[in-house]
Amino acid sequence: MNISKETMQHMYITMKRIREFELKTQELFAEGKVPGFVHLYLGEEAVSAGTCEYLNDNDYITSTHRGHGHIIAKGGDMKYMMAELFGKATGYCKGKGGSMHIADRDKGILGANGIVGAGQDIALGAGFSINYKGTKQVCICFFGDGSTNQGTFHESLNLASIWHLPIVYVCENNNYAISMSQSRHQHIQNISDRGTAYGIPSLHIDGNNVIAVYKTIAAAVDRARKGEGPTLIECKTYRWRGHFEGDPAIYKPQEEQEAWLKKDPLLQFKTYLESNHFFNEDQLHIWDTAVCQEIDEAVRFADESPLPDINTVVNDVYSDITEEVRVR
Amino acid sequence: MNISKETMQHMYITMKRIREFELKTQELFAEGKVPGFVHLYLGEEAVSAGTCEYLNDNDYITSTHRGHGHIIAKGGDMKYMMAELFGKATGYCKGKGGSMHIADRDKGILGANGIVGAGQDIALGAGFSINYKGTKQVCICFFGDGSTNQGTFHESLNLASIWHLPIVYVCENNNYAISMSQSRHQHIQNISDRGTAYGIPSLHIDGNNVIAVYKTIAAAVDRARKGEGPTLIECKTYRWRGHFEGDPAIYKPQEEQEAWLKKDPLLQFKTYLESNHFFNEDQLHIWDTAVCQEIDEAVRFADESPLPDINTVVNDVYSDITEEVRVR
Amino acid sequence: MKTMTYGQAIKEGMSIRMRENPNVYLLGEDVGAFGGCFGVSAGMFKEFGGKRICDTPISEGAIIGTAIGSAATGLRPIAEIMMGDFVTVAMDQLVNQSAKMRYMFGGKISLPLVVRLPGGAGVSAAAQHSQSLEAWLVHVPGLKVIYPSTPQDALGLMLSAIDDDNPVIMIEHKALYSVKGNVYNLAPIPLGKGDIKRKGNDITIIATGKMVYEALTAAESLKTAGISAEVIDPRSLYPLDKNLIADSVSKTHRVIVTTEETKRGSYAGELSAYIHEELFDKLDSPVSRVCALNTPIPFAPNLEKAFLPNAADIFRAAKALF
Amino acid sequence: MKTMTYGQAIKEGMSIRMRENPNVYLLGEDVGAFGGCFGVSAGMFKEFGGKRICDTPISEGAIIGTAIGSAATGLRPIAEIMMGDFVTVAMDQLVNQSAKMRYMFGGKISLPLVVRLPGGAGVSAAAQHSQSLEAWLVHVPGLKVIYPSTPQDALGLMLSAIDDDNPVIMIEHKALYSVKGNVYNLAPIPLGKGDIKRKGNDITIIATGKMVYEALTAAESLKTAGISAEVIDPRSLYPLDKNLIADSVSKTHRVIVTTEETKRGSYAGELSAYIHEELFDKLDSPVSRVCALNTPIPFAPNLEKAFLPNAADIFRAAKALF
Ligand SMILES: Cc1ncc(C[n+]2csc(CCOP(=O)(O)OP(=O)(O)O)c2C)c(N)n1
Ligand SMILES: Cc1ncc(C[n+]2csc(CCOP(=O)(O)OP(=O)(O)O)c2C)c(N)n1
Ligand SMILES: [Mg+2]
Ligand SMILES: [Mg+2]
């Protein structure tokens, strides 16, 4: 499979966007600008960048509590994301959702999700719709290693298999579910081994290699579009930070952390692009700078945006009923 | 492995007990003597008889909505069972549980269960206790093919595996979950393939061959007692009747039904015992007659037992609080 | 005018919309050729085929998840959970996902989905197959909850539920499926409109589901005792027809709320609290709840009967208010 | 006397019983060396080891299932569900299994288990990490439900919960974990005994969890306004200390019930219904509920604040009753 320069450029920019968005969020959280729980995607950029690159706007994704990367890669607007993280009226969810609940229907983003395993079920419905309407879209279902121990994982893969749904299950195995390393939370080495239980083709790949991710996903997406059903792809990667901001993650062995930092997916891709003479440093630098500007603008946008009017607290519960403001 | 004549005799009697108990229940249900839902175990007798034969009284089992066979095989008293089916005060549950909720703690029977998949979770706790106290008991977890699509199946096997719990998972694959044949509800031929997903040794056997069941279970139980963890055993069998009494089961192909009726587990075992000269027909006949008498006594006991006093409706909710009779 | 059973009316409601709108479909365990555990969808498989009358494995969470995801992407699913009690394995999907999505996403998503929950006791199905769990669902902002008692209401409410752009939970009483009634018209009954099942002046009996029939029986007995009872069926538990209740209570000054739930923490309690809060001055006596006992549901028919509230209980409670 | 936080008091309660009884153990996600998501079990892993402070995968159903099965076979488990909202994926185990087993089995089994559910809002954790779901659990016969507001109560109730031979759900408010208070003694507080948090004569404010503090603040303001408020913390939602409430209401004749739940279908409604039913003649005005809004819980701090009930709301509601 040949990957065009344009595709590579776009994947690089996506990864850089995610990286910078998360670094900035880390900083803003520490400053107290971002309330609530924040789960950073640092170190896992290649998975969503490589995956979403092969998708169309009208393809769907379901996401997780660690969703920023998925949303950026699927074309979400960082301004509205950042505004949402700030709890501002201009955010994706008008301040009602926050980091864990960002959605963008126009981009096929069916929502980040605060419940581990919930996206697996929702993906079923998206896949069901596609087959029902015969529209040849696909749905990517992102989830973590830890979530593969929830019943929803099991039920979802079984149903997708018997219904031949066009779902690509993308497991981001970052080796941890909060403090539980994979070896403690399940007795298998490769999560892709779980596909056998459903008759679903499954494989595991280096999730820090964006090219590998892209190619593997492309094959699975093509298969899904042809009506051949779901695929399970385990991407081995690593969570650089604690589970959420504020978690010092002392349970991670230092050598392990260091080894993975050396496998920085962005740096690896940069080196690859340069050493294969796809792009030179100057070119990459220009993009880097542009990304940093975008982030700054997103932060400025978020900062300058108004808080939601507190009367809006009662809106959006139903399409047709507005709750009374003072029912208490 | 050598199987003693005593063991064979006992397994035969167990199977005969289950067969006759169920035939009688079928009759009584049709007469309107047994209210509620009744799920018969006819045709699957070899599974529970072969399994429980290798257990001790203090070993545990968890059961399902189709629990009569499990309870009889684990040593439950048919008198109290029948009385419970009748909704009588002398029943196992004082008439509060009925067919789907029979339990007997003294025999390690942790309960039939009306919720598909619920026993899988409860088995975890029994296994946990055993390891915690170091008592070398085992827990058998019985469940159907359909229940292996519930999230509880998945969560249970994963936990049992990482905790090395002494659980033997016995799947009664009778090819149907109500009207859904296995090929419609999952995309795999052997449910034992699901063990791979948890690193659990798994195998499938002829569930209508009581000797095969006994031997396979024995090995798995020995393994569990030695602290080597769980095993998944799929027993291929067939549900002779509809899902519950009243279901004409028109979704079952007639040839399929006939083929399986020919594989009658009780008849097969009888032929085996006779042709290998373990027991002659006269001997078997004596036992058969005794079993039929037991069943008659059980029915008489149930019939003559009093209804529960309606004031007992408020008892047994808590160990220490009795609900007021008329709180409405 | 047609006579049909409650179960047939539900089927009719689903079928009408399925004929009109190709995006409406039904999914659930054994709803296909088998026709559903209670036969409600019998024949629909034949009419609409397996693509639209969709059998599922025993995975209730995934059933509701599929409904959610497909509703979010343009379909209008109707999901049947075989017994309301099994909603316990799909609560996350219902509560944390379907009910909250519109709000969490800032109003930018619609989830037009219907979930059918056959509930209720009376057939010796024991503790895990007989519950009335509507109180849980009414407590969840984002859900609408309806509970028809007659074939006419079942049909009209089903049509509105399918038309609604929000998750609607329809509670159905399993012991009502075979009850026949007249169906006068095929118009949707708006959610939030209650119905006066019997006019009266001295006491208001608010009843849901199968208790509507017990209330009507009690009203007959009360008449003999010289008390004229008005029987109100809210039909829609949320949104609630507050005006209908206010009008009735303003006239009668006495209220019984009767439901098949275990009393403690019931929807009946919510109604009672609400009526006291809003209509205290109209009340001559406290609102009285007639519910099931605070116990799990027993198997033995005589115990189950003792567990369940009935017309005699309503009669007694009503008399006590005078 | 010792000063400790609410979180530490919970830990102390668990630790005391674990030291005394080898059959008591704790299980849940990240409760081990990590110390639990809110640090409640910090240090327990070191003291009791991994066998008794037991980390689990993300499988809440299996966590409660393990608790049930082990309680049925002789242990006394304490299960932590990381956030109360996640109980949605373990409702079957809690409701259809643990709550009903004793009854279904004719009283022949005991399930001594404690389930800890950290609930409540106030930390911008949004709609899926902030709910107060106690109403659901109170509605389930077979469960006991407790909800401490202070370190002393947390410790005493935890001891009783562990000692109890029935499933006990302990609701903990996540925003209270770091609140300090005096712990005067290490005696169990019997389930079903409420507490007067402040004595008063003119109005009874019944408050649970974090709302106890809002009620106390409101009581201060009311004092300035010439109204003497009694603040009652039931502590145990079921069984309920009916006498304590009756005594107070007989004295004050006015009642506010305040909880952090969404109002519709709340436990506050159950309390209100109950008080009206039993104490109608003592009431000079209807019981008034001060609860959260009927919406999912919003993320933005200002919206979340608008969502939550507070002392000012209680004050206003109280004034309105005079
Ligand atoms: C049902 C449920 N249980 C527990 C949690 C708390 N929780 C949030 S994220 C998480 C770990 C998830 O691990 P994994 O799936 O590997 O994703 P990662 O955080 O590593 O990206 C847990 C336990 C939750 N949100 N939902
Ligand atoms: C959670 C849940 N969903 C659905 C049901 C209804 N139900 C009872 S038994 C059954 C089929 C079970 O099939 P299987 O596990 O193969 O057991 P079998 O009946 O064949 O013995 C179903 C769907 C239930 N009791 N619980
Ligand atoms: Mg992970
Ligand atoms: Mg089966």
# chains A, B, ... in the order shown; residues from 1 in each chain; ligands from 1
>>> residues_around(residues="region 157-160 of chain B", least_positions_apart="3", cutoff="9 Å", atoms="only C-alpha atoms", output="CSV table (one decimal) with C-alpha atoms, in the first residue's frame")
chain,number,residue,atom,x,y,z
A,149,ASN,CA,-12.9,-6.8,30.8
A,185,HIS,CA,-6.2,-7.4,34.9
A,186,GLN,CA,-6.2,-10.2,32.4
A,187,HIS,CA,-4.4,-13.4,31.8
B,120,GLN,CA,-21.4,-17.0,36.6
B,124,LEU,CA,-16.7,-16.2,41.4
B,127,GLY,CA,-14.3,-19.7,44.3
B,128,PHE,CA,-12.9,-16.6,46.0
B,152,THR,CA,-21.3,-11.8,33.1
B,153,PHE,CA,-19.8,-14.8,31.3
B,154,HIS,CA,-16.9,-12.7,30.1
B,163,TRP,CA,-7.3,-15.1,40.5
B,164,HIS,CA,-6.8,-18.9,39.7
B,165,LEU,CA,-10.2,-19.7,41.2
B,166,PRO,CA,-11.2,-23.3,41.7
B,167,ILE,CA,-14.2,-23.0,39.3
B,169,TYR,CA,-17.3,-23.8,34.1
B,195,GLY,CA,-11.6,-20.0,26.9
B,197,ALA,CA,-9.8,-15.2,25.5
B,198,TYR,CA,-9.0,-15.7,29.2
B,199,GLY,CA,-6.1,-18.1,29.1
B,200,ILE,CA,-8.4,-20.8,30.5
B,229,GLY,CA,-7.3,-22.6,38.3
B,230,PRO,CA,-10.5,-22.8,36.2
B,232,LEU,CA,-14.1,-24.4,30.7
D,56,THR,CA,-10.2,-6.1,40.5
D,57,PRO,CA,-10.5,-5.5,36.7
D,59,SER,CA,-16.0,-5.5,36.0
D,62,ALA,CA,-18.4,-9.3,38.8
>>> residues_around(residues="Ala219 (chain A)", least_positions_apart="6", cutoff="10 Å", atoms="only C-alpha atoms", output="list in words")
Met1, Tyr54, Arg225 and Thr231 of chain A
>>> residues_near_ligand(ligand="ligand 4", cutoff="10 Å", atoms="only C-alpha atoms and all ligand atoms", output="number ranges by chain")
B: 66, 143-148, 171-182, 236-239, 243
>>> interface_residues(of="chain C", to="chain D", cutoff="7 Å", atoms="only C-alpha atoms", output="ChimeraX atom specification")
/C:88-89,91-92,96,100,103-104,127-128,135-136,138-139,141,264-267,269-270,272-273,276-277,280,286-288,294-296
>>> residues_around(residues="region 279-284 of chain A", least_positions_apart="5", cutoff="12 Å", atoms="only C-alpha atoms", output="MDAnalysis selection string")
chainID A and resid 5:6 8:13 16 266:267 269:274 289:291
>>> write_last_selection(atoms="C-alpha atoms", output="compact mmCIF listing (two decimals), in the first residue's frame")
# COMPACT_ATOMS: atom_id res chain seq x y z
CA LYS A 5 2.70 12.58 0.93
CA GLU A 6 -0.47 14.46 1.56
CA MET A 8 1.60 11.68 5.68
CA GLN A 9 1.54 15.41 6.09
CA HIS A 10 -1.95 15.28 7.47
CA MET A 11 -1.17 12.48 9.88
CA TYR A 12 1.86 14.34 11.11
CA ILE A 13 -0.14 17.48 11.70
CA LYS A 16 1.25 17.25 16.50
CA LEU A 266 5.57 11.64 17.10
CA LEU A 267 9.32 11.71 17.17
CA PHE A 269 7.24 9.56 12.70
CA LYS A 270 9.20 12.78 12.36
CA THR A 271 12.42 10.84 12.01
CA TYR A 272 10.80 8.57 9.49
CA LEU A 273 9.57 11.48 7.41
CA GLU A 274 12.91 13.20 7.49
CA THR A 289 4.51 26.38 14.38
CA ALA A 290 1.12 26.53 12.77
CA VAL A 291 -0.18 23.90 15.14
>>> interface_residues(of="chain B", to="chain D", cutoff="9 Å", atoms="only C-alpha atoms", output="count of residues only")
47
>>> residues_around(residues="region 24-30 of chain A", least_positions_apart="6", cutoff="8 Å", atoms="only C-alpha atoms", output="VMD selection string")
chain A and resid 38 40 245 295
>>> residues_around(residues="Ile109 (chain B)", least_positions_apart="3", cutoff="9 Å", atoms="only C-alpha atoms", output="MDAnalysis selection string")
chainID B and resid 59:63 70:71 74:76 102:106 112
>>> select_by_dssp(residues="region 175-299 of chain C", states="alpha helix (DSSP H)", output="PDB file with N, CA, C and O atoms, in the first residue's frame")
ATOM      1  N   MET C 211     -53.468  -1.723  37.988  1.00  0.00           N
ATOM      2  CA  MET C 211     -54.201  -1.192  39.136  1.00  0.00           C
ATOM      3  C   MET C 211     -55.388  -0.331  38.720  1.00  0.00           C
ATOM      4  O   MET C 211     -56.287  -0.084  39.530  1.00  0.00           O
ATOM      5  N   VAL C 212     -55.399   0.104  37.485  1.00  0.00           N
ATOM      6  CA  VAL C 212     -56.561   0.858  37.000  1.00  0.00           C
ATOM      7  C   VAL C 212     -57.821  -0.012  37.124  1.00  0.00           C
ATOM      8  O   VAL C 212     -58.878   0.461  37.551  1.00  0.00           O
ATOM      9  N   TYR C 213     -57.679  -1.282  36.802  1.00  0.00           N
ATOM     10  CA  TYR C 213     -58.832  -2.184  36.881  1.00  0.00           C
ATOM     11  C   TYR C 213     -59.253  -2.412  38.329  1.00  0.00           C
ATOM     12  O   TYR C 213     -60.452  -2.449  38.636  1.00  0.00           O
ATOM     13  N   GLU C 214     -58.271  -2.532  39.203  1.00  0.00           N
ATOM     14  CA  GLU C 214     -58.594  -2.697  40.627  1.00  0.00           C
ATOM     15  C   GLU C 214     -59.280  -1.432  41.136  1.00  0.00           C
ATOM     16  O   GLU C 214     -60.218  -1.487  41.937  1.00  0.00           O
ATOM     17  N   ALA C 215     -58.813  -0.302  40.657  1.00  0.00           N
ATOM     18  CA  ALA C 215     -59.391   0.971  41.093  1.00  0.00           C
ATOM     19  C   ALA C 215     -60.844   1.080  40.632  1.00  0.00           C
ATOM     20  O   ALA C 215     -61.719   1.549  41.371  1.00  0.00           O
ATOM     21  N   LEU C 216     -61.079   0.625  39.410  1.00  0.00           N
ATOM     22  CA  LEU C 216     -62.455   0.692  38.889  1.00  0.00           C
ATOM     23  C   LEU C 216     -63.379  -0.224  39.684  1.00  0.00           C
ATOM     24  O   LEU C 216     -64.516   0.134  39.998  1.00  0.00           O
ATOM     25  N   THR C 217     -62.859  -1.394  40.030  1.00  0.00           N
ATOM     26  CA  THR C 217     -63.645  -2.313  40.861  1.00  0.00           C
ATOM     27  C   THR C 217     -63.922  -1.680  42.229  1.00  0.00           C
ATOM     28  O   THR C 217     -65.044  -1.710  42.734  1.00  0.00           O
ATOM     29  N   ALA C 218     -62.896  -1.094  42.790  1.00  0.00           N
ATOM     30  CA  ALA C 218     -63.057  -0.440  44.095  1.00  0.00           C
ATOM     31  C   ALA C 218     -64.076   0.694  43.995  1.00  0.00           C
ATOM     32  O   ALA C 218     -64.897   0.889  44.906  1.00  0.00           O
ATOM     33  N   ALA C 219     -64.021   1.408  42.886  1.00  0.00           N
ATOM     34  CA  ALA C 219     -64.944   2.538  42.716  1.00  0.00           C
ATOM     35  C   ALA C 219     -66.394   2.053  42.706  1.00  0.00           C
ATOM     36  O   ALA C 219     -67.294   2.701  43.257  1.00  0.00           O
ATOM     37  N   GLU C 220     -66.599   0.890  42.099  1.00  0.00           N
ATOM     38  CA  GLU C 220     -67.940   0.309  42.112  1.00  0.00           C
ATOM     39  C   GLU C 220     -68.400   0.043  43.545  1.00  0.00           C
ATOM     40  O   GLU C 220     -69.522   0.389  43.932  1.00  0.00           O
ATOM     41  N   SER C 221     -67.534  -0.581  44.314  1.00  0.00           N
ATOM     42  CA  SER C 221     -67.888  -0.886  45.704  1.00  0.00           C
ATOM     43  C   SER C 221     -68.106   0.401  46.486  1.00  0.00           C
ATOM     44  O   SER C 221     -69.003   0.484  47.332  1.00  0.00           O
ATOM     45  N   LEU C 222     -67.293   1.378  46.218  1.00  0.00           N
ATOM     46  CA  LEU C 222     -67.413   2.642  46.956  1.00  0.00           C
ATOM     47  C   LEU C 222     -68.763   3.292  46.656  1.00  0.00           C
ATOM     48  O   LEU C 222     -69.371   3.910  47.515  1.00  0.00           O
ATOM     49  N   LYS C 223     -69.170   3.138  45.411  1.00  0.00           N
ATOM     50  CA  LYS C 223     -70.457   3.707  45.019  1.00  0.00           C
ATOM     51  C   LYS C 223     -71.571   3.145  45.926  1.00  0.00           C
ATOM     52  O   LYS C 223     -72.390   3.879  46.455  1.00  0.00           O
ATOM     53  N   THR C 224     -71.509   1.832  46.088  1.00  0.00           N
ATOM     54  CA  THR C 224     -72.475   1.170  46.963  1.00  0.00           C
ATOM     55  C   THR C 224     -72.405   1.764  48.373  1.00  0.00           C
ATOM     56  O   THR C 224     -73.400   1.859  49.077  1.00  0.00           O
ATOM     57  N   LYS C 242     -50.319  17.252  35.135  1.00  0.00           N
ATOM     58  CA  LYS C 242     -50.539  17.872  36.445  1.00  0.00           C
ATOM     59  C   LYS C 242     -51.895  18.560  36.519  1.00  0.00           C
ATOM     60  O   LYS C 242     -52.536  18.581  37.570  1.00  0.00           O
ATOM     61  N   ASN C 243     -52.337  19.113  35.386  1.00  0.00           N
ATOM     62  CA  ASN C 243     -53.615  19.820  35.402  1.00  0.00           C
ATOM     63  C   ASN C 243     -54.776  18.887  35.678  1.00  0.00           C
ATOM     64  O   ASN C 243     -55.680  19.207  36.441  1.00  0.00           O
ATOM     65  N   LEU C 244     -54.732  17.739  35.050  1.00  0.00           N
ATOM     66  CA  LEU C 244     -55.812  16.782  35.241  1.00  0.00           C
ATOM     67  C   LEU C 244     -55.932  16.410  36.720  1.00  0.00           C
ATOM     68  O   LEU C 244     -57.027  16.332  37.281  1.00  0.00           O
ATOM     69  N   ILE C 245     -54.768  16.191  37.319  1.00  0.00           N
ATOM     70  CA  ILE C 245     -54.753  15.807  38.731  1.00  0.00           C
ATOM     71  C   ILE C 245     -55.237  16.969  39.598  1.00  0.00           C
ATOM     72  O   ILE C 245     -56.077  16.800  40.495  1.00  0.00           O
ATOM     73  N   ALA C 246     -54.754  18.153  39.293  1.00  0.00           N
ATOM     74  CA  ALA C 246     -55.141  19.328  40.086  1.00  0.00           C
ATOM     75  C   ALA C 246     -56.651  19.552  40.003  1.00  0.00           C
ATOM     76  O   ALA C 246     -57.306  19.815  41.021  1.00  0.00           O
ATOM     77  N   ASP C 247     -57.187  19.432  38.817  1.00  0.00           N
ATOM     78  CA  ASP C 247     -58.629  19.632  38.666  1.00  0.00           C
ATOM     79  C   ASP C 247     -59.415  18.627  39.496  1.00  0.00           C
ATOM     80  O   ASP C 247     -60.391  18.977  40.169  1.00  0.00           O
ATOM     81  N   SER C 248     -58.993  17.395  39.412  1.00  0.00           N
ATOM     82  CA  SER C 248     -59.716  16.348  40.123  1.00  0.00           C
ATOM     83  C   SER C 248     -59.623  16.553  41.639  1.00  0.00           C
ATOM     84  O   SER C 248     -60.617  16.490  42.354  1.00  0.00           O
ATOM     85  N   VAL C 249     -58.417  16.812  42.094  1.00  0.00           N
ATOM     86  CA  VAL C 249     -58.215  16.953  43.542  1.00  0.00           C
ATOM     87  C   VAL C 249     -58.940  18.190  44.070  1.00  0.00           C
ATOM     88  O   VAL C 249     -59.489  18.192  45.179  1.00  0.00           O
ATOM     89  N   SER C 250     -58.987  19.234  43.257  1.00  0.00           N
ATOM     90  CA  SER C 250     -59.679  20.453  43.675  1.00  0.00           C
ATOM     91  C   SER C 250     -61.161  20.180  43.880  1.00  0.00           C
ATOM     92  O   SER C 250     -61.841  20.856  44.633  1.00  0.00           O
ATOM     93  N   LYS C 251     -61.643  19.170  43.194  1.00  0.00           N
ATOM     94  CA  LYS C 251     -63.048  18.797  43.294  1.00  0.00           C
ATOM     95  C   LYS C 251     -63.293  17.819  44.453  1.00  0.00           C
ATOM     96  O   LYS C 251     -64.230  17.962  45.212  1.00  0.00           O
ATOM     97  N   THR C 252     -62.400  16.831  44.570  1.00  0.00           N
ATOM     98  CA  THR C 252     -62.665  15.739  45.516  1.00  0.00           C
ATOM     99  C   THR C 252     -62.031  15.921  46.894  1.00  0.00           C
ATOM    100  O   THR C 252     -62.521  15.387  47.883  1.00  0.00           O
ATOM    101  N   TYR C 267     -42.978   5.204  42.753  1.00  0.00           N
ATOM    102  CA  TYR C 267     -43.502   6.329  41.980  1.00  0.00           C
ATOM    103  C   TYR C 267     -44.763   6.861  42.662  1.00  0.00           C
ATOM    104  O   TYR C 267     -45.043   8.062  42.629  1.00  0.00           O
ATOM    105  N   ALA C 268     -45.485   5.974  43.291  1.00  0.00           N
ATOM    106  CA  ALA C 268     -46.662   6.411  44.042  1.00  0.00           C
ATOM    107  C   ALA C 268     -46.257   7.449  45.089  1.00  0.00           C
ATOM    108  O   ALA C 268     -46.987   8.403  45.355  1.00  0.00           O
ATOM    109  N   GLY C 269     -45.095   7.263  45.675  1.00  0.00           N
ATOM    110  CA  GLY C 269     -44.595   8.222  46.652  1.00  0.00           C
ATOM    111  C   GLY C 269     -44.292   9.564  46.008  1.00  0.00           C
ATOM    112  O   GLY C 269     -44.564  10.626  46.570  1.00  0.00           O
ATOM    113  N   GLU C 270     -43.728   9.512  44.817  1.00  0.00           N
ATOM    114  CA  GLU C 270     -43.462  10.757  44.098  1.00  0.00           C
ATOM    115  C   GLU C 270     -44.764  11.499  43.845  1.00  0.00           C
ATOM    116  O   GLU C 270     -44.871  12.717  44.074  1.00  0.00           O
ATOM    117  N   LEU C 271     -45.773  10.773  43.403  1.00  0.00           N
ATOM    118  CA  LEU C 271     -47.070  11.409  43.161  1.00  0.00           C
ATOM    119  C   LEU C 271     -47.623  12.010  44.453  1.00  0.00           C
ATOM    120  O   LEU C 271     -48.111  13.145  44.470  1.00  0.00           O
ATOM    121  N   SER C 272     -47.515  11.240  45.514  1.00  0.00           N
ATOM    122  CA  SER C 272     -48.021  11.706  46.799  1.00  0.00           C
ATOM    123  C   SER C 272     -47.283  12.974  47.236  1.00  0.00           C
ATOM    124  O   SER C 272     -47.901  13.972  47.622  1.00  0.00           O
ATOM    125  N   ALA C 273     -45.973  12.953  47.162  1.00  0.00           N
ATOM    126  CA  ALA C 273     -45.185  14.123  47.562  1.00  0.00           C
ATOM    127  C   ALA C 273     -45.578  15.322  46.715  1.00  0.00           C
ATOM    128  O   ALA C 273     -45.773  16.436  47.219  1.00  0.00           O
ATOM    129  N   TYR C 274     -45.710  15.083  45.436  1.00  0.00           N
ATOM    130  CA  TYR C 274     -46.040  16.169  44.519  1.00  0.00           C
ATOM    131  C   TYR C 274     -47.408  16.770  44.847  1.00  0.00           C
ATOM    132  O   TYR C 274     -47.571  17.997  44.911  1.00  0.00           O
ATOM    133  N   ILE C 275     -48.367  15.916  45.069  1.00  0.00           N
ATOM    134  CA  ILE C 275     -49.726  16.412  45.342  1.00  0.00           C
ATOM    135  C   ILE C 275     -49.765  17.187  46.656  1.00  0.00           C
ATOM    136  O   ILE C 275     -50.361  18.262  46.737  1.00  0.00           O
ATOM    137  N   HIS C 276     -49.087  16.681  47.650  1.00  0.00           N
ATOM    138  CA  HIS C 276     -49.033  17.433  48.909  1.00  0.00           C
ATOM    139  C   HIS C 276     -48.367  18.783  48.717  1.00  0.00           C
ATOM    140  O   HIS C 276     -48.821  19.803  49.232  1.00  0.00           O
ATOM    141  N   GLU C 277     -47.274  18.772  47.970  1.00  0.00           N
ATOM    142  CA  GLU C 277     -46.540  20.029  47.759  1.00  0.00           C
ATOM    143  C   GLU C 277     -47.400  21.072  47.059  1.00  0.00           C
ATOM    144  O   GLU C 277     -47.402  22.239  47.426  1.00  0.00           O
ATOM    145  N   GLU C 278     -48.090  20.614  46.013  1.00  0.00           N
ATOM    146  CA  GLU C 278     -48.748  21.589  45.154  1.00  0.00           C
ATOM    147  C   GLU C 278     -50.205  21.826  45.516  1.00  0.00           C
ATOM    148  O   GLU C 278     -50.769  22.851  45.143  1.00  0.00           O
ATOM    149  N   LEU C 279     -50.810  20.855  46.169  1.00  0.00           N
ATOM    150  CA  LEU C 279     -52.271  20.948  46.355  1.00  0.00           C
ATOM    151  C   LEU C 279     -52.686  20.770  47.822  1.00  0.00           C
ATOM    152  O   LEU C 279     -53.815  20.381  48.109  1.00  0.00           O
TER     153      LEU C 279
END
>>> atom_distance(atom1="CA of Phe45 (chain D)", atom2="atom 9 (S, counted along the ligand's line) of ligand 1")
21.3 Å
>>> atom_distance(atom1="CA of Ile233 (chain B)", atom2="CA of Glu255 (chain B)")
26.7 Å
>>> select_by_dssp(residues="region 96-321 of chain A", states="strand (DSSP E)", output="list in words")
Cys139, Ile140, Cys141, Phe142, Phe143, Gly144, Ile167, Val168, Tyr169, Val170, Cys171, Glu172, Asn173, Tyr176, Ala177, Met180, Ser181, Ser202, Leu203, His204, Ile205, Asp206, Thr231, Leu232, Ile233, Glu234, Cys235 and Lys236 of chain A
>>> atom_distance(atom1="CA of Lys305 (chain D)", atom2="CA of Gly117 (chain A)")
29.2 Å
>>> closest_residue(among="B:Lys252, B:His277, B:Lys215, B:Arg184", to="chain A", atoms="only C-alpha atoms")
B:Arg184
>>> closest_residue(among="A:Ile191, A:Ser4, A:Leu203, A:Ala218", to="chain B", atoms="only C-alpha atoms")
A:Ile191
>>> closest_residue(among="A:Ile211, A:Ile18, A:Ala259, A:Cys235", to="ligand 3", atoms="only C-alpha atoms and all ligand atoms")
A:Cys235
